[in-house]
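K.L.:
Got upload29.cif for you, mmCIF, C-alpha atoms:
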```
data_model
#
loop_
_atom_site.group_PDB
_atom_site.id
_atom_site.type_symbol
_atom_site.label_atom_id
_atom_site.label_comp_id
_atom_site.auth_asym_id
_atom_site.auth_seq_id
_atom_site.Cartn_x
_atom_site.Cartn_y
_atom_site.Cartn_z
ATOM 1 C CA MET T 1 2.775 34.013 -57.950
ATOM 2 C CA SER T 2 3.758 35.134 -54.473
ATOM 3 C CA TYR T 3 6.344 33.013 -52.650
ATOM 4 C CA ASN T 4 5.498 34.650 -49.282
ATOM 5 C CA VAL T 5 1.852 33.558 -49.088
ATOM 6 C CA GLN T 6 2.681 31.084 -46.309
ATOM 7 C CA VAL T 7 3.069 34.057 -43.965
ATOM 8 C CA HIS T 8 -0.714 34.313 -43.941
ATOM 9 C CA HIS T 9 -1.340 30.672 -43.024
ATOM 10 C CA VAL T 10 -3.489 30.236 -39.895
ATOM 11 C CA LEU T 11 -2.815 27.815 -37.042
ATOM 12 C CA GLN T 12 -5.975 26.056 -35.832
ATOM 13 C CA PHE T 13 -5.944 24.475 -32.384
ATOM 14 C CA GLY T 14 -8.585 22.321 -30.730
ATOM 15 C CA ARG T 15 -10.521 23.566 -27.743
ATOM 16 C CA ASN T 16 -11.265 20.158 -26.224
ATOM 17 C CA VAL T 17 -9.689 18.971 -22.972
ATOM 18 C CA GLU T 18 -9.394 15.219 -22.474
ATOM 19 C CA MET T 19 -8.475 13.449 -19.243
ATOM 20 C CA LEU T 20 -5.795 10.789 -19.616
ATOM 21 C CA LEU T 21 -6.825 7.279 -18.624
ATOM 22 C CA GLN T 22 -6.864 6.932 -14.862
ATOM 23 C CA GLN T 23 -8.598 4.975 -12.139
ATOM 24 C CA GLU T 24 -11.838 6.672 -11.191
ATOM 25 C CA GLY T 25 -11.931 7.648 -7.546
ATOM 26 C CA MET T 26 -14.258 7.048 -4.595
ATOM 27 C CA LYS T 27 -15.372 3.539 -5.591
ATOM 28 C CA LEU T 28 -15.099 1.647 -2.322
ATOM 29 C CA PRO T 29 -16.839 3.848 0.303
ATOM 30 C CA GLN T 30 -20.267 2.931 -1.090
ATOM 31 C CA TYR T 31 -19.569 -0.715 -0.263
ATOM 32 C CA CYS T 32 -18.644 -0.025 3.373
ATOM 33 C CA GLN T 33 -20.364 1.314 6.451
ATOM 34 C CA GLN T 34 -19.871 5.073 6.648
ATOM 35 C CA GLY T 35 -19.822 7.632 9.433
ATOM 36 C CA SER T 36 -19.092 11.324 10.025
ATOM 37 C CA TYR T 37 -16.794 12.494 12.806
ATOM 38 C CA THR T 38 -15.112 15.484 14.416
ATOM 39 C CA GLY T 39 -12.000 15.596 16.568
ATOM 40 C CA LYS T 40 -8.805 13.598 16.376
ATOM 41 C CA SER T 41 -10.445 10.158 16.253
ATOM 42 C CA GLY T 42 -13.790 8.449 16.019
ATOM 43 C CA SER T 43 -15.297 5.503 17.887
ATOM 44 C CA VAL T 44 -16.822 3.376 15.149
ATOM 45 C CA VAL T 45 -18.675 0.752 17.171
ATOM 46 C CA ASP T 46 -18.848 -0.778 20.651
ATOM 47 C CA GLN T 47 -18.754 -4.553 20.362
ATOM 48 C CA LEU T 48 -20.010 -7.358 22.575
ATOM 49 C CA GLY T 49 -18.686 -10.889 22.354
ATOM 50 C CA THR T 50 -20.116 -14.354 22.918
ATOM 51 C CA VAL T 51 -21.744 -15.082 26.280
ATOM 52 C CA GLY T 52 -21.786 -18.551 27.810
ATOM 53 C CA VAL T 53 -24.649 -20.321 29.636
ATOM 54 C CA ILE T 54 -24.976 -22.693 32.596
ATOM 55 C CA ARG T 55 -26.652 -26.007 31.764
ATOM 56 C CA ASP T 56 -28.756 -27.658 34.491
ATOM 57 C CA ARG T 57 -27.883 -25.380 37.393
ATOM 58 C CA ALA T 58 -28.097 -26.822 40.913
ATOM 59 C CA ARG T 59 -31.167 -26.147 43.032
ATOM 60 C CA HIS T 60 -30.972 -22.964 45.088
ATOM 61 C CA ALA T 61 -27.561 -22.158 43.623
ATOM 62 C CA ASP T 62 -26.312 -18.606 43.417
ATOM 63 C CA THR T 63 -27.267 -16.739 40.260
ATOM 64 C CA PRO T 64 -24.450 -17.153 37.738
ATOM 65 C CA HIS T 65 -22.946 -13.989 36.320
ATOM 66 C CA MET T 66 -21.232 -14.302 32.976
ATOM 67 C CA SER T 67 -18.572 -11.892 31.784
ATOM 68 C CA VAL T 68 -19.537 -10.310 28.473
ATOM 69 C CA PRO T 69 -16.476 -9.692 26.254
ATOM 70 C CA ALA T 70 -16.435 -6.097 25.050
ATOM 71 C CA ASP T 71 -14.311 -4.109 22.659
ATOM 72 C CA ARG T 72 -14.335 -0.894 20.631
ATOM 73 C CA ARG T 73 -13.061 -0.011 17.163
ATOM 74 C CA TRP T 74 -11.526 3.339 16.265
ATOM 75 C CA VAL T 75 -10.940 5.246 13.063
ATOM 76 C CA TYR T 76 -8.399 8.042 12.635
ATOM 77 C CA PRO T 77 -8.413 10.799 10.020
ATOM 78 C CA HIS T 78 -5.749 11.424 7.419
ATOM 79 C CA THR T 79 -5.795 14.631 5.416
ATOM 80 C CA PHE T 80 -5.230 14.476 1.671
ATOM 81 C CA THR T 81 -4.447 17.669 -0.239
ATOM 82 C CA SER T 82 -3.835 18.468 -3.885
ATOM 83 C CA SER T 83 -3.522 21.756 -5.749
ATOM 84 C CA THR T 84 -2.114 23.337 -8.877
ATOM 85 C CA LEU T 85 -1.550 26.828 -10.260
ATOM 86 C CA ILE T 86 -2.670 28.301 -13.572
ATOM 87 C CA ASP T 87 -0.422 31.203 -14.526
ATOM 88 C CA ASN T 88 -2.071 34.255 -16.063
ATOM 89 C CA ILE T 89 0.689 34.318 -18.661
ATOM 90 C CA ASP T 90 -0.504 30.919 -19.894
ATOM 91 C CA VAL T 91 -4.178 31.871 -19.710
ATOM 92 C CA MET T 92 -3.627 34.717 -22.161
ATOM 93 C CA ARG T 93 -2.072 32.296 -24.635
ATOM 94 C CA MET T 94 -4.748 29.583 -24.504
ATOM 95 C CA LEU T 95 -8.169 29.185 -26.071
ATOM 96 C CA ILE T 96 -9.362 26.870 -23.299
ATOM 97 C CA ASP T 97 -10.325 27.358 -19.657
ATOM 98 C CA LEU T 98 -8.520 24.800 -17.509
ATOM 99 C CA LYS T 99 -10.120 25.603 -14.142
ATOM 100 C CA SER T 100 -12.949 23.083 -14.407
ATOM 101 C CA PRO T 101 -10.834 20.214 -15.860
ATOM 102 C CA TYR T 102 -8.157 20.762 -13.214
ATOM 103 C CA ALA T 103 -10.795 20.705 -10.461
ATOM 104 C CA SER T 104 -12.122 17.424 -11.856
ATOM 105 C CA ALA T 105 -8.628 15.916 -11.913
ATOM 106 C CA ILE T 106 -8.033 16.902 -8.275
ATOM 107 C CA SER T 107 -11.420 15.517 -7.253
ATOM 108 C CA GLU T 108 -10.584 12.172 -8.874
ATOM 109 C CA ALA T 109 -7.216 12.121 -7.088
ATOM 110 C CA LEU T 110 -8.869 12.670 -3.702
ATOM 111 C CA GLY T 111 -11.367 9.923 -4.517
ATOM 112 C CA ARG T 112 -8.546 7.502 -5.264
ATOM 113 C CA ALA T 113 -6.955 8.465 -1.941
ATOM 114 C CA ALA T 114 -10.188 7.456 -0.188
ATOM 115 C CA ASP T 115 -10.140 4.095 -1.958
ATOM 116 C CA ASP T 116 -6.498 3.557 -1.027
ATOM 117 C CA GLU T 117 -7.279 4.417 2.595
ATOM 118 C CA ILE T 118 -9.837 1.621 2.651
ATOM 119 C CA GLY T 119 -7.377 -0.611 0.804
ATOM 120 C CA ALA T 120 -4.780 -0.115 3.530
ATOM 121 C CA ALA T 121 -7.347 -0.899 6.233
ATOM 122 C CA PHE T 122 -8.382 -4.278 4.795
ATOM 123 C CA PHE T 123 -5.296 -6.071 6.098
ATOM 124 C CA GLY T 124 -3.645 -3.422 8.264
ATOM 125 C CA ALA T 125 -3.679 -3.178 12.057
ATOM 126 C CA ALA T 126 -7.007 -2.001 13.510
ATOM 127 C CA ALA T 127 -7.172 0.252 16.590
ATOM 128 C CA ILE T 128 -9.142 -1.232 19.483
ATOM 129 C CA GLY T 129 -9.728 -0.726 23.190
ATOM 130 C CA GLU T 130 -11.337 1.896 25.399
ATOM 131 C CA GLN T 131 -9.262 4.699 23.895
ATOM 132 C CA GLY T 132 -7.882 3.026 20.776
ATOM 133 C CA LEU T 133 -4.419 2.525 22.259
ATOM 134 C CA ALA T 134 -4.177 -1.162 21.306
ATOM 135 C CA THR T 135 -4.216 -2.759 17.884
ATOM 136 C CA VAL T 136 -5.223 -6.080 16.400
ATOM 137 C CA ALA T 137 -3.444 -7.551 13.383
ATOM 138 C CA PHE T 138 -5.103 -9.295 10.481
ATOM 139 C CA PRO T 139 -5.142 -13.022 11.375
ATOM 140 C CA GLY T 140 -3.641 -15.781 9.284
ATOM 141 C CA SER T 141 -6.846 -17.786 9.700
ATOM 142 C CA GLN T 142 -8.563 -15.343 7.310
ATOM 143 C CA GLN T 143 -6.051 -15.853 4.512
ATOM 144 C CA ILE T 144 -6.634 -18.035 1.436
ATOM 145 C CA GLY T 145 -3.319 -19.344 0.100
ATOM 146 C CA VAL T 146 -1.950 -18.712 -3.376
ATOM 147 C CA ASN T 147 -1.838 -22.481 -4.057
ATOM 148 C CA VAL T 148 -5.537 -23.147 -3.439
ATOM 149 C CA GLY T 149 -6.964 -24.516 -6.679
ATOM 150 C CA GLY T 150 -3.517 -24.864 -8.269
ATOM 151 C CA ALA T 151 0.125 -24.037 -7.578
ATOM 152 C CA ASN T 152 0.744 -20.270 -7.732
ATOM 153 C CA SER T 153 -2.659 -19.777 -9.287
ATOM 154 C CA GLY T 154 -4.706 -16.674 -9.972
ATOM 155 C CA LEU T 155 -8.248 -16.114 -8.797
ATOM 156 C CA ASN T 156 -10.312 -19.262 -9.291
ATOM 157 C CA VAL T 157 -13.487 -20.958 -8.119
ATOM 158 C CA PRO T 158 -11.797 -22.969 -5.312
ATOM 159 C CA LYS T 159 -10.454 -19.727 -3.790
ATOM 160 C CA LEU T 160 -13.883 -18.096 -3.924
ATOM 161 C CA ARG T 161 -15.396 -21.215 -2.357
ATOM 162 C CA ALA T 162 -12.805 -21.130 0.422
ATOM 163 C CA ALA T 163 -13.527 -17.437 1.065
ATOM 164 C CA ARG T 164 -17.277 -18.015 1.184
ATOM 165 C CA ARG T 165 -16.766 -20.952 3.531
ATOM 166 C CA ALA T 166 -14.723 -18.725 5.847
ATOM 167 C CA PHE T 167 -17.547 -16.165 6.007
ATOM 168 C CA MET T 168 -20.150 -18.855 6.698
ATOM 169 C CA ALA T 169 -18.015 -20.574 9.337
ATOM 170 C CA ALA T 170 -17.592 -17.244 11.134
ATOM 171 C CA GLY T 171 -21.353 -16.762 11.318
ATOM 172 C CA VAL T 172 -21.737 -13.973 8.749
ATOM 173 C CA ASN T 173 -25.421 -13.900 7.795
ATOM 174 C CA LEU T 174 -25.172 -14.145 4.014
ATOM 175 C CA ALA T 175 -28.946 -13.779 3.671
ATOM 176 C CA ARG T 176 -28.679 -10.222 5.012
ATOM 177 C CA GLU T 177 -25.121 -9.115 4.292
ATOM 178 C CA LYS T 178 -23.708 -8.451 0.843
ATOM 179 C CA LEU T 179 -20.242 -9.739 0.031
ATOM 180 C CA TYR T 180 -17.780 -7.768 -2.095
ATOM 181 C CA CYS T 181 -14.451 -8.581 -3.685
ATOM 182 C CA ALA T 182 -12.070 -6.028 -5.246
ATOM 183 C CA LEU T 183 -10.415 -7.307 -8.428
ATOM 184 C CA THR T 184 -7.848 -5.950 -10.846
ATOM 185 C CA ALA T 185 -7.969 -6.633 -14.580
ATOM 186 C CA VAL T 186 -5.804 -9.731 -14.011
ATOM 187 C CA GLU T 187 -8.328 -11.359 -11.671
ATOM 188 C CA TYR T 188 -11.195 -10.500 -13.996
ATOM 189 C CA ASP T 189 -9.315 -12.274 -16.770
ATOM 190 C CA ASN T 190 -8.703 -15.241 -14.454
ATOM 191 C CA LEU T 191 -12.446 -15.629 -13.924
ATOM 192 C CA LEU T 192 -13.157 -15.509 -17.664
ATOM 193 C CA GLY T 193 -11.132 -18.729 -17.909
ATOM 194 C CA GLU T 194 -13.246 -20.476 -15.264
ATOM 195 C CA LEU T 195 -15.941 -22.601 -16.914
ATOM 196 C CA GLN T 196 -18.099 -22.614 -13.786
ATOM 197 C CA VAL T 197 -18.181 -18.816 -13.843
ATOM 198 C CA THR T 198 -19.020 -18.200 -17.499
ATOM 199 C CA ASN T 199 -21.150 -21.238 -18.397
ATOM 200 C CA MET T 200 -24.897 -20.826 -17.848
ATOM 201 C CA ASP T 201 -25.150 -24.543 -17.036
ATOM 202 C CA TYR T 202 -23.628 -23.689 -13.648
ATOM 203 C CA ASN T 203 -25.548 -20.461 -12.985
ATOM 204 C CA ASP T 204 -29.209 -19.566 -12.616
ATOM 205 C CA LYS T 205 -28.618 -16.105 -14.117
ATOM 206 C CA PRO T 206 -26.001 -14.567 -16.423
ATOM 207 C CA THR T 207 -22.717 -13.718 -14.682
ATOM 208 C CA LEU T 208 -21.231 -11.862 -17.662
ATOM 209 C CA VAL T 209 -22.318 -8.311 -18.466
ATOM 210 C CA ASP T 210 -20.610 -6.842 -21.540
ATOM 211 C CA GLY T 211 -17.787 -9.341 -21.169
ATOM 212 C CA ARG T 212 -17.206 -8.553 -17.483
ATOM 213 C CA VAL T 213 -17.954 -10.795 -14.515
ATOM 214 C CA THR T 214 -20.142 -8.746 -12.185
ATOM 215 C CA SER T 215 -20.953 -11.343 -9.531
ATOM 216 C CA PHE T 216 -20.499 -15.011 -8.741
ATOM 217 C CA MET T 217 -21.170 -17.259 -5.751
ATOM 218 C CA GLY T 218 -22.636 -14.344 -3.816
ATOM 219 C CA PHE T 219 -19.626 -12.056 -4.351
ATOM 220 C CA ASN T 220 -20.144 -8.687 -6.034
ATOM 221 C CA PHE T 221 -16.968 -7.719 -7.867
ATOM 222 C CA VAL T 222 -15.510 -4.204 -7.806
ATOM 223 C CA HIS T 223 -12.818 -3.225 -10.305
ATOM 224 C CA MET T 224 -9.784 -1.627 -8.609
ATOM 225 C CA GLU T 225 -6.302 -1.145 -10.044
ATOM 226 C CA TRP T 226 -4.797 0.378 -6.869
ATOM 227 C CA GLN T 227 -2.776 3.110 -8.534
ATOM 228 C CA ALA T 228 -0.498 5.432 -6.567
ATOM 229 C CA THR T 229 -2.321 8.624 -5.665
ATOM 230 C CA MET T 230 0.163 10.912 -3.929
ATOM 231 C CA THR T 231 2.339 12.082 -6.849
ATOM 232 C CA ASP T 232 2.829 10.949 -10.411
ATOM 233 C CA GLY T 233 5.185 8.007 -10.660
ATOM 234 C CA LEU T 234 5.412 7.456 -6.895
ATOM 235 C CA THR T 235 5.634 3.874 -5.701
ATOM 236 C CA ALA T 236 2.226 2.750 -4.446
ATOM 237 C CA GLN T 237 1.676 3.776 -0.836
ATOM 238 C CA TYR T 238 -0.729 0.979 -0.049
ATOM 239 C CA PRO T 239 0.024 -2.724 0.197
ATOM 240 C CA LEU T 240 -2.641 -4.422 -1.894
ATOM 241 C CA SER T 241 -0.076 -5.612 -4.442
ATOM 242 C CA LEU T 242 2.923 -6.083 -2.154
ATOM 243 C CA ALA T 243 4.085 -9.264 -0.475
ATOM 244 C CA THR T 244 5.179 -7.468 2.696
ATOM 245 C CA ILE T 245 1.717 -7.509 4.283
ATOM 246 C CA ALA T 246 1.367 -11.276 4.566
ATOM 247 C CA PRO T 247 3.562 -13.853 6.289
ATOM 248 C CA GLY T 248 5.261 -16.674 4.459
ATOM 249 C CA GLY T 249 7.682 -14.820 2.210
ATOM 250 C CA LEU T 250 5.483 -15.038 -0.865
ATOM 251 C CA ALA T 251 6.870 -13.726 -4.133
ATOM 252 C CA SER T 252 6.444 -10.097 -5.096
ATOM 253 C CA THR T 253 4.221 -11.289 -7.959
ATOM 254 C CA THR T 254 1.572 -12.284 -5.415
ATOM 255 C CA ARG T 255 -1.402 -9.942 -5.128
ATOM 256 C CA TYR T 256 -3.701 -10.004 -2.113
ATOM 257 C CA ILE T 257 -7.353 -9.607 -3.023
ATOM 258 C CA PRO T 258 -9.769 -8.394 -0.319
ATOM 259 C CA ALA T 259 -13.196 -9.936 0.121
ATOM 260 C CA TRP T 260 -15.456 -8.407 2.759
ATOM 261 C CA SER T 261 -18.986 -8.027 4.011
ATOM 262 C CA GLU T 262 -20.471 -4.538 3.959
ATOM 263 C CA SER T 263 -20.437 -4.212 7.749
ATOM 264 C CA GLY T 264 -16.866 -5.534 7.932
ATOM 265 C CA MET T 265 -15.302 -2.263 6.748
ATOM 266 C CA HIS T 266 -15.942 1.288 7.954
ATOM 267 C CA PHE T 267 -15.140 4.525 6.165
ATOM 268 C CA GLY T 268 -15.147 7.725 8.229
ATOM 269 C CA ARG T 269 -15.256 11.311 6.995
ATOM 270 C CA TRP T 270 -14.193 14.454 8.793
ATOM 271 C CA GLY T 271 -16.242 17.028 6.923
ATOM 272 C CA GLY T 272 -16.667 16.779 3.168
ATOM 273 C CA THR T 273 -14.392 17.037 0.176
ATOM 274 C CA GLU T 274 -13.508 20.705 -0.300
ATOM 275 C CA THR T 275 -12.476 22.219 -3.618
ATOM 276 C CA ARG T 276 -11.701 25.876 -4.245
ATOM 277 C CA VAL T 277 -10.673 27.969 -7.221
ATOM 278 C CA ASP T 278 -9.080 31.214 -5.979
ATOM 279 C CA GLN T 279 -6.662 33.892 -7.028
ATOM 280 C CA ARG T 280 -3.339 33.957 -5.183
ATOM 281 C CA PRO T 281 -2.088 37.522 -4.511
ATOM 282 C CA ASP T 282 1.276 36.082 -3.437
ATOM 283 C CA LYS T 283 1.568 34.377 -6.846
ATOM 284 C CA ASN T 284 0.882 37.427 -9.029
ATOM 285 C CA TYR T 285 -2.846 36.743 -8.773
ATOM 286 C CA ASN T 286 -2.518 33.442 -10.578
ATOM 287 C CA THR T 287 -5.400 31.014 -10.218
ATOM 288 C CA GLN T 288 -5.037 28.172 -7.714
ATOM 289 C CA VAL T 289 -7.186 25.048 -7.985
ATOM 290 C CA TRP T 290 -7.170 23.339 -4.583
ATOM 291 C CA GLY T 291 -8.817 20.327 -3.013
ATOM 292 C CA GLU T 292 -8.645 18.633 0.379
ATOM 293 C CA MET T 293 -10.306 15.750 2.202
ATOM 294 C CA SER T 294 -9.966 14.219 5.678
ATOM 295 C CA ALA T 295 -10.957 10.576 5.983
ATOM 296 C CA GLY T 296 -9.994 7.264 7.512
ATOM 297 C CA ALA T 297 -10.952 3.610 7.388
ATOM 298 C CA VAL T 298 -10.850 0.617 9.705
ATOM 299 C CA ARG T 299 -11.748 -3.058 9.663
ATOM 300 C CA THR T 300 -14.625 -3.593 12.105
ATOM 301 C CA GLN T 301 -14.250 -7.364 12.544
ATOM 302 C CA GLU T 302 -11.449 -9.642 11.399
ATOM 303 C CA LYS T 303 -13.800 -12.468 10.437
ATOM 304 C CA LYS T 304 -15.743 -10.171 8.112
ATOM 305 C CA VAL T 305 -12.710 -9.744 5.840
ATOM 306 C CA VAL T 306 -10.903 -12.467 3.897
ATOM 307 C CA GLN T 307 -7.576 -12.161 2.117
ATOM 308 C CA ILE T 308 -7.198 -14.131 -1.136
ATOM 309 C CA ALA T 309 -3.642 -14.591 -2.418
ATOM 310 C CA CYS T 310 -3.378 -14.704 -6.224
ATOM 311 C CA THR T 311 -0.451 -14.663 -8.583
ATOM 312 C CA SER T 312 -0.391 -11.343 -10.417
ATOM 313 C CA ALA T 313 1.662 -12.605 -13.354
#
```
Could you quickly redo this structure as structure tokens?
P.N.:
Amino acid sequence: MSYNVQVHHVLQFGRNVEMLLQQEGMKLPQYCQQGSYTGKSGSVVDQLGTVGVIRDRARHADTPHMSVPADRRWVYPHTFTSSTLIDNIDVMRMLIDLKSPYASAISEALGRAADDEIGAAFFGAAAIGEQGLATVAFPGSQQIGVNVGGANSGLNVPKLRAARRAFMAAGVNLAREKLYCALTAVEYDNLLGELQVTNMDYNDKPTLVDGRVTSFMGFNFVHMEWQATMTDGLTAQYPLSLATIAPGGLASTTRYIPAWSESGMHFGRWGGTETRVDQRPDKNYNTQVWGEMSAGAVRTQEKKVVQIACTSA
């Protein structure tokens, strides 16, 4: 018997590459108006306000001329870049080709950046005016309090009713416009505890699909976890889960859920999403996987967006 046979043992390694769990990117743009732009900014829409009328004018009176309120919304680009290097030394020691998986990971990261850009625009200041030099803040009148439907409560039917009432009171045509609401796993779980949501006695069609609430009361739900996208472990850059964006000193466990009509949010692109896989002569001809995107988002009308405060605990 040979005691050195273990020298001939073979190491077998897998050739599969698996992406770690992560939020898929580029979810929200499909639920917003979209536009393509060039230059340092883009004019999204020219807006006209409400015009008054004269009732029972006097005979032979001068023709009345009413001032038509006008405004303009602007969107500005932000450039998002991500890249990584694959060293030739490592390539020679691997059985797998990482170029395609790395490109996919960068593409997902850029997609999440687009979602976060829209997330920041829900309740952030919107640029207005002839040249976009003024801003308008998100109004308190469009906010649903955390205590609606119960003290420090999560997402519930009374909050959805209050949000729908706000859209209707503002004149949003719900027969033509779709409503959306971005939820995290916590809010989805909140709705599963609402009898009016899950019980068919209250609904004319099933609201649960594979255990997930897809729509209710005219709202189409979009799953978003709002993860940080700039670097691993970085504190989230966007305020969807922070108390600093709303007045009242609410606790840091309060999450602000956006509800909006499709025409209430605009996503602008400056070119497309570019990805390249090149050799870098300055890096000993190592392979660089690179991606970049320029995009921006803006709220088009304050009354087409509603903020719903929910406890995140």
K.L.:
Can you tell me, as a compact mmCIF listing (two decimals) with C-alpha atoms, in the frame of the given file, what residues are no more than 10 Å from Val148 in chain T when counting all atoms listed in the file, ignoring any on the same chain fewer than 6 positions away?
P.N.:
```
# COMPACT_ATOMS: atom_id res chain seq x y z
CA GLY T 154 -4.71 -16.67 -9.97
CA LEU T 155 -8.25 -16.11 -8.80
CA ASN T 156 -10.31 -19.26 -9.29
CA VAL T 157 -13.49 -20.96 -8.12
CA PRO T 158 -11.80 -22.97 -5.31
CA LYS T 159 -10.45 -19.73 -3.79
CA LEU T 160 -13.88 -18.10 -3.92
CA ALA T 162 -12.80 -21.13 0.42
CA ILE T 308 -7.20 -14.13 -1.14
CA ALA T 309 -3.64 -14.59 -2.42
CA CYS T 310 -3.38 -14.70 -6.22
```
K.L.:
Residues at most 8 Å from Thr273 in chain T, counting all atoms listed in the file, excluding those fewer than 2 positions away in the same chain, as a PyMOL selection string?
P.N.:
chain T and resi 271+275+291-294
K.L.:
Can you give me, as a ChimeraX atom specification, the residues this file yields under the PyMOL selection byres ((chain T and resi 144) around 12)?
P.N.:
/T:139-143,145-149,152-156,158-167,246,255-259,305-310
K.L.:
Give as a list of chain:residue names the residues that the PyMOL selection byres ((chain T and resi 268) around 7) matches when applied to the coordinates above.
P.N.:
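Those residues are T:Gln34, T:Gly35, T:Ser36, T:Tyr37, T:Val75, T:His266, T:Phe267, T:Arg269, T:Trp270, T:Ala295, T:Gly296, T:Ala297.
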K.L.:
Go ahead and write the selection's residues with C-alpha atoms as a CSV table (one decimal), in the frame of the given file.
P.N.:
```
chain,number,residue,atom,x,y,z
T,34,GLN,CA,-19.9,5.1,6.6
T,35,GLY,CA,-19.8,7.6,9.4
T,36,SER,CA,-19.1,11.3,10.0
T,37,TYR,CA,-16.8,12.5,12.8
T,75,VAL,CA,-10.9,5.2,13.1
T,266,HIS,CA,-15.9,1.3,8.0
T,267,PHE,CA,-15.1,4.5,6.2
T,269,ARG,CA,-15.3,11.3,7.0
T,270,TRP,CA,-14.2,14.5,8.8
T,295,ALA,CA,-11.0,10.6,6.0
T,296,GLY,CA,-10.0,7.3,7.5
T,297,ALA,CA,-11.0,3.6,7.4
```
K.L.:
Enumerate, as a PDB file with C-alpha atoms, keeping the file's coordinate frame, the residues matched when the PyMOL selection byres ((chain T and resi 108-115) around 9) is run on the file above.
P.N.:
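Output file result_38.pdb follows:
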```
ATOM      1  CA  GLN T  22      -6.864   6.932 -14.862  1.00  0.00           C
ATOM      2  CA  GLN T  23      -8.598   4.975 -12.139  1.00  0.00           C
ATOM      3  CA  GLU T  24     -11.838   6.672 -11.191  1.00  0.00           C
ATOM      4  CA  GLY T  25     -11.931   7.648  -7.546  1.00  0.00           C
ATOM      5  CA  MET T  26     -14.258   7.048  -4.595  1.00  0.00           C
ATOM      6  CA  LYS T  27     -15.372   3.539  -5.591  1.00  0.00           C
ATOM      7  CA  LEU T  28     -15.099   1.647  -2.322  1.00  0.00           C
ATOM      8  CA  PRO T  29     -16.839   3.848   0.303  1.00  0.00           C
ATOM      9  CA  PHE T  80      -5.230  14.476   1.671  1.00  0.00           C
ATOM     10  CA  THR T  81      -4.447  17.669  -0.239  1.00  0.00           C
ATOM     11  CA  SER T  82      -3.835  18.468  -3.885  1.00  0.00           C
ATOM     12  CA  ALA T 103     -10.795  20.705 -10.461  1.00  0.00           C
ATOM     13  CA  SER T 104     -12.122  17.424 -11.856  1.00  0.00           C
ATOM     14  CA  ALA T 105      -8.628  15.916 -11.913  1.00  0.00           C
ATOM     15  CA  ILE T 106      -8.033  16.902  -8.275  1.00  0.00           C
ATOM     16  CA  SER T 107     -11.420  15.517  -7.253  1.00  0.00           C
ATOM     17  CA  ASP T 116      -6.498   3.557  -1.027  1.00  0.00           C
ATOM     18  CA  GLU T 117      -7.279   4.417   2.595  1.00  0.00           C
ATOM     19  CA  ILE T 118      -9.837   1.621   2.651  1.00  0.00           C
ATOM     20  CA  GLY T 119      -7.377  -0.611   0.804  1.00  0.00           C
ATOM     21  CA  ALA T 120      -4.780  -0.115   3.530  1.00  0.00           C
ATOM     22  CA  MET T 224      -9.784  -1.627  -8.609  1.00  0.00           C
ATOM     23  CA  TRP T 226      -4.797   0.378  -6.869  1.00  0.00           C
ATOM     24  CA  GLN T 227      -2.776   3.110  -8.534  1.00  0.00           C
ATOM     25  CA  ALA T 228      -0.498   5.432  -6.567  1.00  0.00           C
ATOM     26  CA  THR T 229      -2.321   8.624  -5.665  1.00  0.00           C
ATOM     27  CA  MET T 230       0.163  10.912  -3.929  1.00  0.00           C
ATOM     28  CA  PHE T 267     -15.140   4.525   6.165  1.00  0.00           C
ATOM     29  CA  THR T 273     -14.392  17.037   0.176  1.00  0.00           C
ATOM     30  CA  GLY T 291      -8.817  20.327  -3.013  1.00  0.00           C
ATOM     31  CA  GLU T 292      -8.645  18.633   0.379  1.00  0.00           C
ATOM     32  CA  MET T 293     -10.306  15.750   2.202  1.00  0.00           C
ATOM     33  CA  SER T 294      -9.966  14.219   5.678  1.00  0.00           C
ATOM     34  CA  ALA T 295     -10.957  10.576   5.983  1.00  0.00           C
ATOM     35  CA  GLY T 296      -9.994   7.264   7.512  1.00  0.00           C
ATOM     36  CA  ALA T 297     -10.952   3.610   7.388  1.00  0.00           C
TER      37      ALA T 297
END
```
